[in-house]
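Undergrad: I'd like to ask some things about the structure below.
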Amino acid sequence: MKHDEETMDVLGQTDLFQLYCTLYANQNSPSAKLAHRRLAPSQAVGVYTNTLDRRFANMEKGYQEKMLEAMRWEDANLRKHIEQHRLEEWTQETQRLAEQAVDQQYDDVTEAQSTGDLPKALPAKKPGVKSKEIANGRNGAH
């Protein structure tokens, strides 16, 4: 993954980045009851390509076969992205940067609370942004 500012800006605006920020922040909150397990794309390969989940057991056989066909197509598409587009590395990097953004936001809040200089709302963080830099507000940790 390129480590230039434009790539980081785009990454910070993805749903996956936002989801990882939310999961990590919730997982590390004092009220968290369980850890969220993030599956790598390769861990989802092959799921429901031979048989369907019990939720689909009462559906017509023709519809079940169409579902399996769609699942096989999605599986082939996922494999292509894993192999050709470095999806594994991209998701790992997204998770790492989201965790850094959340940690940085926690650090900023702690620092602001210790100095008594807590603003009403902290600016959102972009991945790779130093604590004193301000983000554009569209992407960052929750």
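A note on labels: chains of the structure tokens are A, B, ... as shown, every chain counts residues from 1, and ligands are counted from 1 in their shown order.
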Could you give me, as a list of chain:residue names, the residues within 7 Å of segment 69-72 of chain A, counting only C-alpha atoms and dropping anything in the same chain fewer than 3 positions from it?
TA: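 In the requested format, the answer is A:Tyr48, A:Thr49, A:Glu65, A:Lys66, A:Asp75, A:Ala76.
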Undergrad: Select from segment 26-90 of chain A every residue with an atom at most 12 Å from any atom of segment 102-119 of chain A, then for each give the shortest pair of atoms and their distance in Å to one decimal, using only C-alpha atoms, rows by chain and rising number, as CSV.
TA:
```
residue,atom,partner,partner_atom,distance
A:Asn26,CA,A:Val102,CA,10.2
A:Gln27,CA,A:Val102,CA,11.2
A:Asn28,CA,A:Asp103,CA,9.7
A:Ser29,CA,A:Tyr106,CA,10.5
```
Undergrad: Pick out the closest residue to Leu19 of chain A from this set: A:Glu99, A:Asn50, A:Leu87, A:Leu68. Count only C-alpha atoms.
TA: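 For Leu19 of chain A, the nearest of the given residues is A:Glu99.
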Undergrad: List the neighbours of Ile82 of chain A out to 12 Å using only C-alpha atoms; skip same-chain residues closer than 3 positions along the sequence, and give me the result as a ChimeraX atom specification.
TA: /A:40-45,75-79,85-91
Undergrad: Mind writing the picked residues with all heavy atoms as a compact mmCIF listing (two decimals), in the first residue's frame?
TA:
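Contents of again-v6.txt, freshly written:
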```
# COMPACT_ATOMS: atom_id res chain seq x y z
N ALA A 40 -9.91 -12.12 8.34
CA ALA A 40 -9.18 -11.74 7.15
C ALA A 40 -9.98 -12.20 5.94
O ALA A 40 -10.74 -13.17 6.03
CB ALA A 40 -7.80 -12.40 7.16
N PRO A 41 -9.85 -11.54 4.81
CA PRO A 41 -10.59 -11.97 3.62
C PRO A 41 -10.36 -13.44 3.29
O PRO A 41 -11.29 -14.14 2.90
CB PRO A 41 -10.04 -11.06 2.52
CG PRO A 41 -9.62 -9.83 3.25
CD PRO A 41 -9.09 -10.32 4.57
N SER A 42 -9.14 -13.92 3.48
CA SER A 42 -8.86 -15.33 3.16
C SER A 42 -9.63 -16.29 4.06
O SER A 42 -9.86 -17.44 3.69
CB SER A 42 -7.36 -15.60 3.26
OG SER A 42 -6.91 -15.37 4.59
N GLN A 43 -10.03 -15.84 5.24
CA GLN A 43 -10.80 -16.69 6.14
C GLN A 43 -12.26 -16.84 5.69
O GLN A 43 -12.96 -17.73 6.15
CB GLN A 43 -10.76 -16.13 7.56
CG GLN A 43 -9.38 -16.23 8.19
CD GLN A 43 -9.35 -15.55 9.55
OE1 GLN A 43 -9.49 -14.33 9.64
NE2 GLN A 43 -9.18 -16.35 10.59
N ALA A 44 -12.70 -15.97 4.79
CA ALA A 44 -14.08 -16.04 4.29
C ALA A 44 -14.17 -16.81 2.97
O ALA A 44 -15.26 -17.12 2.52
CB ALA A 44 -14.63 -14.64 4.10
N VAL A 45 -13.03 -17.14 2.39
CA VAL A 45 -13.02 -17.87 1.12
C VAL A 45 -13.67 -19.24 1.30
O VAL A 45 -13.38 -19.95 2.26
CB VAL A 45 -11.59 -18.01 0.58
CG1 VAL A 45 -11.53 -18.97 -0.60
CG2 VAL A 45 -11.03 -16.65 0.18
N ASP A 75 -17.36 -15.84 -4.22
CA ASP A 75 -16.13 -16.47 -3.76
C ASP A 75 -15.01 -16.30 -4.79
O ASP A 75 -13.89 -15.95 -4.44
CB ASP A 75 -16.38 -17.96 -3.48
CG ASP A 75 -15.23 -18.60 -2.76
OD1 ASP A 75 -14.96 -18.21 -1.60
OD2 ASP A 75 -14.59 -19.50 -3.34
N ALA A 76 -15.33 -16.52 -6.07
CA ALA A 76 -14.33 -16.34 -7.13
C ALA A 76 -13.88 -14.89 -7.20
O ALA A 76 -12.69 -14.60 -7.38
CB ALA A 76 -14.91 -16.80 -8.47
N ASN A 77 -14.82 -13.97 -7.04
CA ASN A 77 -14.49 -12.55 -7.06
C ASN A 77 -13.60 -12.19 -5.87
O ASN A 77 -12.63 -11.43 -6.01
CB ASN A 77 -15.79 -11.73 -7.06
CG ASN A 77 -15.58 -10.32 -7.52
OD1 ASN A 77 -14.66 -10.03 -8.28
ND2 ASN A 77 -16.45 -9.43 -7.08
N LEU A 78 -13.90 -12.72 -4.70
CA LEU A 78 -13.09 -12.47 -3.51
C LEU A 78 -11.67 -13.01 -3.71
O LEU A 78 -10.70 -12.33 -3.41
CB LEU A 78 -13.73 -13.12 -2.28
CG LEU A 78 -12.95 -13.02 -0.97
CD1 LEU A 78 -12.71 -11.58 -0.58
CD2 LEU A 78 -13.68 -13.78 0.13
N ARG A 79 -11.57 -14.23 -4.24
CA ARG A 79 -10.24 -14.81 -4.50
C ARG A 79 -9.43 -13.92 -5.44
O ARG A 79 -8.24 -13.71 -5.25
CB ARG A 79 -10.37 -16.20 -5.11
CG ARG A 79 -10.80 -17.26 -4.13
CD ARG A 79 -10.99 -18.61 -4.85
NE ARG A 79 -11.69 -19.55 -4.03
CZ ARG A 79 -11.12 -20.39 -3.19
NH1 ARG A 79 -9.82 -20.39 -3.08
NH2 ARG A 79 -11.85 -21.22 -2.48
N HIS A 85 -5.27 -7.91 -6.07
CA HIS A 85 -5.35 -6.54 -5.55
C HIS A 85 -4.86 -6.41 -4.11
O HIS A 85 -5.16 -5.42 -3.45
CB HIS A 85 -6.80 -6.03 -5.67
CG HIS A 85 -7.31 -6.06 -7.06
ND1 HIS A 85 -6.96 -5.15 -8.01
CD2 HIS A 85 -8.14 -6.94 -7.68
CE1 HIS A 85 -7.55 -5.43 -9.15
NE2 HIS A 85 -8.27 -6.53 -8.98
N ARG A 86 -4.16 -7.44 -3.64
CA ARG A 86 -3.54 -7.41 -2.31
C ARG A 86 -4.56 -7.09 -1.21
O ARG A 86 -4.29 -6.32 -0.29
CB ARG A 86 -2.40 -6.40 -2.31
CG ARG A 86 -1.33 -6.72 -3.31
CD ARG A 86 -0.20 -5.72 -3.32
NE ARG A 86 0.32 -5.53 -1.98
CZ ARG A 86 0.76 -4.35 -1.53
NH1 ARG A 86 0.75 -3.31 -2.30
NH2 ARG A 86 1.21 -4.24 -0.31
N LEU A 87 -5.73 -7.70 -1.27
CA LEU A 87 -6.80 -7.42 -0.31
C LEU A 87 -6.39 -7.75 1.12
O LEU A 87 -6.74 -7.02 2.05
CB LEU A 87 -8.06 -8.17 -0.70
CG LEU A 87 -9.31 -7.84 0.09
CD1 LEU A 87 -9.68 -6.36 -0.04
CD2 LEU A 87 -10.48 -8.71 -0.37
N GLU A 88 -5.64 -8.83 1.31
CA GLU A 88 -5.18 -9.20 2.66
C GLU A 88 -4.35 -8.06 3.27
O GLU A 88 -4.59 -7.63 4.40
CB GLU A 88 -4.33 -10.47 2.63
CG GLU A 88 -5.07 -11.73 2.35
CD GLU A 88 -5.92 -12.20 3.51
OE1 GLU A 88 -5.46 -12.18 4.67
OE2 GLU A 88 -7.06 -12.60 3.25
N GLU A 89 -3.37 -7.60 2.50
CA GLU A 89 -2.48 -6.54 3.00
C GLU A 89 -3.25 -5.25 3.22
O GLU A 89 -3.01 -4.53 4.19
CB GLU A 89 -1.32 -6.30 2.02
CG GLU A 89 -0.36 -7.45 1.90
CD GLU A 89 -0.81 -8.53 0.90
OE1 GLU A 89 -1.87 -8.37 0.24
OE2 GLU A 89 -0.10 -9.55 0.81
N TRP A 90 -4.18 -4.95 2.31
CA TRP A 90 -4.95 -3.72 2.42
C TRP A 90 -5.79 -3.72 3.69
O TRP A 90 -5.85 -2.72 4.41
CB TRP A 90 -5.84 -3.57 1.18
CG TRP A 90 -6.55 -2.27 1.11
CD1 TRP A 90 -6.06 -1.09 0.64
CD2 TRP A 90 -7.89 -1.99 1.53
NE1 TRP A 90 -7.01 -0.11 0.74
CE2 TRP A 90 -8.13 -0.64 1.28
CE3 TRP A 90 -8.89 -2.77 2.09
CZ2 TRP A 90 -9.35 -0.03 1.57
CZ3 TRP A 90 -10.10 -2.16 2.38
CH2 TRP A 90 -10.32 -0.81 2.12
N THR A 91 -6.45 -4.84 4.01
CA THR A 91 -7.28 -4.88 5.21
C THR A 91 -6.43 -4.84 6.47
O THR A 91 -6.81 -4.21 7.46
CB THR A 91 -8.21 -6.11 5.24
OG1 THR A 91 -7.44 -7.29 5.10
CG2 THR A 91 -9.25 -6.04 4.15
```
Undergrad: Which distance in Å separates atom CA of Gly12 of chain A and atom CA of Ala25 of chain A, to one decimal?
TA: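 Interatomic distance here is 15.5 Å.
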